[in-house]
>>> print(open('target21.cif').read())   # mmCIF, C-alpha atoms and all ligand atoms
data_protein
#
loop_
_atom_site.group_PDB
_atom_site.id
_atom_site.type_symbol
_atom_site.label_atom_id
_atom_site.label_comp_id
_atom_site.auth_asym_id
_atom_site.auth_seq_id
_atom_site.Cartn_x
_atom_site.Cartn_y
_atom_site.Cartn_z
ATOM 1 C CA MET E 757 102.999 111.813 89.524
ATOM 2 C CA SER E 758 103.639 108.617 91.442
ATOM 3 C CA ARG E 759 106.799 106.627 91.010
ATOM 4 C CA SER E 760 107.318 103.066 89.838
ATOM 5 C CA LEU E 761 108.680 100.022 91.651
ATOM 6 C CA GLU E 762 108.979 97.951 88.478
ATOM 7 C CA GLN E 763 112.796 97.876 88.447
ATOM 8 C CA TYR E 764 112.940 97.178 92.179
ATOM 9 C CA ARG E 765 110.659 94.150 91.797
ATOM 10 C CA LYS E 766 112.303 92.849 88.645
ATOM 11 C CA LYS E 767 115.653 92.543 90.420
ATOM 12 C CA ARG E 768 114.351 90.514 93.353
ATOM 13 C CA ASN E 769 112.917 87.079 94.053
ATOM 14 C CA PHE E 770 110.543 87.694 96.943
ATOM 15 C CA THR E 771 110.187 84.012 97.781
ATOM 16 C CA GLU E 772 113.912 84.060 98.632
ATOM 17 C CA THR E 773 114.663 87.530 100.027
ATOM 18 C CA PRO E 774 113.115 88.926 103.225
ATOM 19 C CA GLU E 775 112.913 92.400 101.629
ATOM 20 C CA PRO E 776 109.396 93.871 101.258
ATOM 21 C CA VAL E 777 107.496 93.652 97.954
ATOM 22 C CA GLY E 778 106.094 97.042 98.874
ATOM 23 C CA ARG E 779 103.783 99.375 97.060
ATOM 24 C CA VAL E 780 103.883 103.012 96.071
ATOM 25 C CA GLY E 781 102.572 104.983 99.024
ATOM 26 C CA ARG E 782 100.591 108.176 99.213
ATOM 27 C CA ALA E 783 102.643 111.306 99.592
ATOM 28 C CA GLY E 784 102.397 112.627 103.129
ATOM 29 C CA CYS E 785 103.269 116.086 104.368
ATOM 30 C CA SER E 786 106.281 115.009 106.395
ATOM 31 C CA ARG E 787 108.764 113.078 104.327
ATOM 32 C CA ILE E 788 111.203 110.489 105.567
ATOM 33 C CA PHE E 789 114.796 109.787 104.713
ATOM 34 C CA VAL E 790 116.750 106.665 105.578
ATOM 35 C CA VAL E 791 120.356 105.554 105.244
ATOM 36 C CA GLN E 792 121.009 101.812 105.261
ATOM 37 C CA LYS E 793 124.460 100.379 105.724
ATOM 38 C CA HIS E 794 124.682 97.509 103.274
ATOM 39 C CA GLU E 795 127.392 94.890 103.731
ATOM 40 C CA ALA E 796 127.099 93.617 100.173
ATOM 41 C CA SER E 797 129.952 92.292 98.017
ATOM 42 C CA ARG E 798 131.092 95.908 98.195
ATOM 43 C CA ARG E 799 130.084 97.774 101.343
ATOM 44 C CA HIS E 800 128.102 100.945 100.739
ATOM 45 C CA TYR E 801 125.465 103.115 102.323
ATOM 46 C CA ASP E 802 122.079 103.434 100.635
ATOM 47 C CA PHE E 803 120.770 106.973 100.952
ATOM 48 C CA ARG E 804 117.021 107.230 100.329
ATOM 49 C CA LEU E 805 114.613 110.176 100.214
ATOM 50 C CA GLU E 806 110.836 109.861 100.156
ATOM 51 C CA ILE E 807 109.656 111.521 96.963
ATOM 52 C CA ASN E 808 106.142 111.049 95.564
ATOM 53 C CA GLY E 809 105.364 107.905 97.548
ATOM 54 C CA ALA E 810 108.599 105.982 96.979
ATOM 55 C CA LEU E 811 112.167 106.051 98.259
ATOM 56 C CA VAL E 812 114.406 107.612 95.616
ATOM 57 C CA SER E 813 117.772 105.934 96.222
ATOM 58 C CA TRP E 814 121.500 106.428 95.830
ATOM 59 C CA ALA E 815 124.354 104.074 96.728
ATOM 60 C CA VAL E 816 127.108 106.001 98.525
ATOM 61 C CA PRO E 817 130.296 103.869 98.615
ATOM 62 C CA LYS E 818 132.036 105.894 101.328
ATOM 63 C CA GLY E 819 128.854 106.809 103.174
ATOM 64 C CA PRO E 820 127.513 110.263 103.937
ATOM 65 C CA SER E 821 129.736 112.800 105.702
ATOM 66 C CA MET E 822 128.986 115.637 108.102
ATOM 67 C CA ASN E 823 132.186 117.316 106.907
ATOM 68 C CA PRO E 824 131.399 119.984 104.263
ATOM 69 C CA GLY E 825 134.865 119.367 102.828
ATOM 70 C CA ASP E 826 133.890 115.857 101.717
ATOM 71 C CA LYS E 827 132.186 115.280 98.382
ATOM 72 C CA ARG E 828 130.671 111.823 98.370
ATOM 73 C CA LEU E 829 129.921 109.969 95.162
ATOM 74 C CA ALA E 830 126.274 108.886 95.156
ATOM 75 C CA VAL E 831 125.177 106.550 92.354
ATOM 76 C CA MET E 832 121.470 106.614 91.691
ATOM 77 C CA THR E 833 119.778 103.202 91.952
ATOM 78 C CA GLU E 834 116.203 102.025 91.524
ATOM 79 C CA ASP E 835 113.359 103.481 93.602
ATOM 80 C CA HIS E 836 112.474 101.429 96.674
ATOM 81 C CA PRO E 837 109.090 101.129 98.412
ATOM 82 C CA LEU E 838 108.490 103.253 101.523
ATOM 83 C CA GLU E 839 108.318 100.070 103.627
ATOM 84 C CA TYR E 840 111.973 99.502 102.844
ATOM 85 C CA ALA E 841 112.907 102.236 105.336
ATOM 86 C CA ASP E 842 112.297 99.745 108.166
ATOM 87 C CA PHE E 843 113.989 96.810 106.474
ATOM 88 C CA GLU E 844 116.870 95.378 108.397
ATOM 89 C CA GLY E 845 118.116 91.848 107.923
ATOM 90 C CA VAL E 846 120.070 89.497 105.741
ATOM 91 C CA ILE E 847 119.553 89.214 101.997
ATOM 92 C CA PRO E 848 120.457 85.575 101.246
ATOM 93 C CA ASP E 849 123.441 84.523 99.136
ATOM 94 C CA GLY E 850 122.650 84.382 95.449
ATOM 95 C CA GLN E 851 119.962 87.067 95.721
ATOM 96 C CA TYR E 852 120.288 90.608 94.394
ATOM 97 C CA GLY E 853 122.277 92.679 96.919
ATOM 98 C CA ALA E 854 123.128 89.663 99.096
ATOM 99 C CA GLY E 855 124.435 90.713 102.497
ATOM 100 C CA THR E 856 123.435 92.401 105.736
ATOM 101 C CA VAL E 857 121.332 95.567 105.786
ATOM 102 C CA MET E 858 121.306 97.843 108.850
ATOM 103 C CA VAL E 859 119.175 100.954 109.316
ATOM 104 C CA TRP E 860 122.089 103.310 109.899
ATOM 105 C CA ASP E 861 120.038 106.500 110.178
ATOM 106 C CA LYS E 862 116.428 107.512 109.756
ATOM 107 C CA GLY E 863 114.365 110.647 110.209
ATOM 108 C CA THR E 864 112.408 113.288 108.375
ATOM 109 C CA TYR E 865 113.537 115.925 105.922
ATOM 110 C CA GLU E 866 112.298 119.087 104.308
ATOM 111 C CA THR E 867 113.380 120.888 101.190
ATOM 112 C CA GLN E 868 115.344 124.022 101.776
ATOM 113 C CA ASP E 869 114.163 126.504 99.213
ATOM 114 C CA GLY E 870 110.453 125.732 98.982
ATOM 115 C CA ILE E 871 110.833 123.830 95.705
ATOM 116 C CA PRO E 872 109.074 120.424 95.926
ATOM 117 C CA PRO E 873 111.488 117.462 95.965
ATOM 118 C CA ASP E 874 110.264 115.993 92.662
ATOM 119 C CA GLU E 875 111.109 119.281 90.935
ATOM 120 C CA GLN E 876 114.499 119.357 92.647
ATOM 121 C CA LEU E 877 115.096 115.787 91.486
ATOM 122 C CA ALA E 878 114.166 116.674 87.906
ATOM 123 C CA ARG E 879 116.513 119.657 87.836
ATOM 124 C CA GLY E 880 119.374 117.497 89.194
ATOM 125 C CA LYS E 881 119.977 119.468 92.387
ATOM 126 C CA ILE E 882 118.350 118.567 95.676
ATOM 127 C CA ASP E 883 118.714 120.815 98.720
ATOM 128 C CA VAL E 884 117.359 119.308 101.927
ATOM 129 C CA VAL E 885 117.503 119.680 105.693
ATOM 130 C CA LEU E 886 117.779 116.300 107.399
ATOM 131 C CA HIS E 887 116.465 115.574 110.885
ATOM 132 C CA GLY E 888 118.122 112.268 111.700
ATOM 133 C CA LYS E 889 120.064 110.819 114.620
ATOM 134 C CA LYS E 890 123.430 110.906 112.873
ATOM 135 C CA LEU E 891 122.806 113.210 109.920
ATOM 136 C CA ARG E 892 121.483 116.669 110.673
ATOM 137 C CA GLY E 893 121.139 119.953 108.855
ATOM 138 C CA GLY E 894 121.587 120.955 105.254
ATOM 139 C CA PHE E 895 122.774 118.671 102.463
ATOM 140 C CA THR E 896 122.948 119.023 98.705
ATOM 141 C CA LEU E 897 122.757 116.227 96.165
ATOM 142 C CA VAL E 898 123.868 117.367 92.760
ATOM 143 C CA ARG E 899 123.870 115.409 89.516
ATOM 144 C CA MET E 900 127.169 115.378 87.649
ATOM 145 C CA GLY E 901 127.846 115.601 83.963
ATOM 146 C CA THR E 902 125.466 116.113 81.114
ATOM 147 C CA ARG E 903 121.768 115.603 81.280
ATOM 148 C CA SER E 904 121.320 111.884 80.763
ATOM 149 C CA THR E 905 118.123 110.304 79.547
ATOM 150 C CA ASP E 906 118.931 107.312 81.743
ATOM 151 C CA ARG E 907 118.436 109.111 85.006
ATOM 152 C CA GLN E 908 118.972 105.938 87.014
ATOM 153 C CA LYS E 909 122.582 105.512 85.964
ATOM 154 C CA ALA E 910 123.563 109.053 86.883
ATOM 155 C CA ASN E 911 126.370 109.884 89.278
ATOM 156 C CA TRP E 912 125.589 112.475 91.892
ATOM 157 C CA LEU E 913 127.579 114.115 94.671
ATOM 158 C CA LEU E 914 126.347 114.314 98.266
ATOM 159 C CA VAL E 915 127.756 117.278 100.185
ATOM 160 C CA LYS E 916 127.108 118.665 103.675
ATOM 161 C CA HIS E 917 126.349 122.362 103.956
ATOM 162 C CA HIS E 918 128.479 124.716 106.035
ATOM 163 C CA ASP E 919 126.069 125.130 108.933
ATOM 164 C CA THR E 920 126.007 124.693 112.717
ATOM 165 C CA ASP E 921 125.580 120.912 112.344
ATOM 166 C CA ALA E 922 128.716 120.532 110.243
ATOM 167 C CA ASP E 923 131.496 118.395 111.754
ATOM 168 C CA PRO E 924 134.937 118.717 110.125
ATOM 169 C CA SER E 925 136.225 115.845 112.300
ATOM 170 C CA TRP E 926 133.569 113.441 110.974
ATOM 171 C CA ASP E 927 134.713 109.829 110.649
ATOM 172 C CA ILE E 928 132.057 107.300 109.648
ATOM 173 C CA GLU E 929 134.299 104.462 110.876
ATOM 174 C CA ARG E 930 133.798 105.445 114.520
ATOM 175 C CA THR E 931 132.388 102.443 116.354
ATOM 176 C CA GLU E 932 129.560 104.434 117.963
ATOM 177 C CA PHE E 933 128.138 105.027 114.462
ATOM 178 C CA ASP E 934 128.044 101.301 113.699
ATOM 179 C CA ARG E 935 124.673 100.600 115.313
ATOM 180 C CA SER E 936 121.158 100.523 113.966
ATOM 181 C CA VAL E 937 119.013 103.524 114.913
ATOM 182 C CA LEU E 938 116.041 101.155 114.744
ATOM 183 C CA THR E 939 117.229 98.222 116.863
ATOM 184 C CA GLY E 940 120.548 99.203 118.441
ATOM 185 C CA ARG E 941 122.252 96.256 116.752
ATOM 186 C CA THR E 942 125.570 96.112 114.924
ATOM 187 C CA PRO E 943 125.708 94.556 111.436
ATOM 188 C CA LYS E 944 127.260 91.458 113.020
ATOM 189 C CA GLU E 945 124.372 91.150 115.494
ATOM 190 C CA ILE E 946 121.867 91.523 112.669
ATOM 191 C CA GLU E 947 123.726 88.837 110.735
ATOM 192 C CA THR E 948 123.589 86.384 113.644
ATOM 193 C CA GLY E 949 119.905 87.120 114.230
ATOM 194 C CA ARG E 950 120.265 88.730 117.626
ATOM 195 C CA PRO E 951 116.961 90.368 118.634
ATOM 196 C CA ARG E 952 116.701 94.133 118.886
ATOM 197 C CA THR E 953 117.895 95.669 122.135
ATOM 198 C CA LYS E 954 115.377 98.496 122.243
ATOM 199 C CA SER E 955 111.978 97.258 121.217
ATOM 200 C CA ARG E 956 110.160 100.162 119.671
ATOM 201 C CA LEU E 957 108.075 98.201 117.230
ATOM 202 C CA GLY E 958 107.396 95.246 119.533
ATOM 203 C CA ARG E 959 105.696 92.314 117.841
ATOM 204 C CA THR E 960 106.663 93.398 114.351
ATOM 205 C CA SER E 961 110.345 93.151 115.194
ATOM 206 C CA GLU E 962 110.079 89.657 116.648
ATOM 207 C CA SER E 963 108.153 88.257 113.714
ATOM 208 C CA GLU E 964 110.637 89.943 111.407
ATOM 209 C CA THR E 965 113.547 88.285 113.211
ATOM 210 C CA ASP E 966 111.778 84.913 113.186
ATOM 211 C CA ALA E 967 111.074 85.240 109.500
ATOM 212 C CA THR E 968 114.688 86.062 108.816
ATOM 213 C CA GLN E 969 115.898 83.127 110.869
ATOM 214 C CA ALA E 970 113.394 80.764 109.291
ATOM 215 C CA LYS E 971 114.511 81.867 105.844
ATOM 216 C CA ARG E 972 118.124 81.242 106.661
ATOM 217 C CA ALA E 973 117.460 77.922 108.373
ATOM 218 C CA GLY E 974 115.399 76.685 105.453
HETATM 219 MN MN MN E 1001 122.500 98.581 98.605
#
>>> encode(input="target21.cif", output="structure tokens")
Amino acid sequence: MSRSLEQYRKKRNFTETPEPVGRVGRAGCSRIFVVQKHEASRRHYDFRLEINGALVSWAVPKGPSMNPGDKRLAVMTEDHPLEYADFEGVIPDGQYGAGTVMVWDKGTYETQDGIPPDEQLARGKIDVVLHGKKLRGGFTLVRMGTRSTDRQKANWLLVKHHDTDADPSWDIERTEFDRSVLTGRTPKEIETGRPRTKSRLGRTSESETDATQAKRAG
């Protein structure tokens, strides 16, 4: 069953925000995850897993942790389009989620126990192995409280597994973590429109930067 972007689109004015309109993609065999650091009115990290052609999303106020001793609150938000995984830029003032978005981590994931991710999502417990630059190894997302009919308002917990990737000394505030895995930029550099330092997507990145600057200038 494919997922819906109706809520995502309803919240946004795409003539004002540089975020993608997007569409529901086809499910591939390797699935992506992305974590975006979002300097909104309240800073948080958006944790997103590709499930059935969309990015199922949670806002994690304190950000993910590689320390199995940390239990991070993760509030489920609306599904985002797959294209959103490469979105980095500034959402203008007055728009939904206004502020700077940085691709904090990105990679692929697999489910840990052979249960497809949509079934894991439905049961309220998601066990995955992440292959990112900053986040690696096993993680569990578990829904708290009673089974709610309004799935999208549910609170979940994000917890690192005790495995060889675990790091009890994890501190997300370390400056080396504060760069985009896509462009090498800090949130400040994204905000001021500085071009990417490592061009992996070439032309796309430049037009993206121009578009962002044009939006802000106009
Ligand atoms: Mn956000």
>>> resolve_selection(input="target21.cif", expression="the PyMOL selection byres (((not hetatm)) within 12 of (chain E and resi 1001))", output="ChimeraX atom specification")
/E:764,775,791-804,813-817,819,830-836,840,843-844,846-847,852-859
>>> resolve_selection(input="target21.cif", expression="the PyMOL selection byres (((chain E and resi 911) around 8) and not hetatm)", output="ChimeraX atom specification")
/E:829-832,899-901,909-910,912-913
>>> closest_residue(input="target21.cif", among="E:Asp849, E:Asp826, E:Glu839, E:Asp874", to="E:Ser925", atoms="all atoms listed in the file")
E:Asp826
>>> atom_distance(input="target21.cif", atom1="atom CA of E:Gly825", atom2="atom CA of E:Leu891")
15.3 Å
>>> resolve_selection(input="target21.cif", expression="the PyMOL selection byres (((chain E and resi 872) around 12) and not hetatm)", output="list in words")
Ala783, Cys785, Arg787, Glu806, Ile807, Asn808, Tyr865, Glu866, Thr867, Gln868, Asp869, Gly870, Ile871, Pro873, Asp874, Glu875, Gln876, Leu877, Ala878, Arg879, Lys881, Ile882, Asp883 and Val884 of chain E
>>> residues_around(input="target21.cif", residues="E:Lys889", least_positions_apart="5", cutoff="10 Å", atoms="all atoms listed in the file", output="tab-separated table (two decimals) with C-alpha atoms, in the frame of the given file")
chain	number	residue	atom	x	y	z
E	860	TRP	CA	122.09	103.31	109.90
E	861	ASP	CA	120.04	106.50	110.18
E	862	LYS	CA	116.43	107.51	109.76
E	863	GLY	CA	114.36	110.65	110.21
E	933	PHE	CA	128.14	105.03	114.46
E	937	VAL	CA	119.01	103.52	114.91
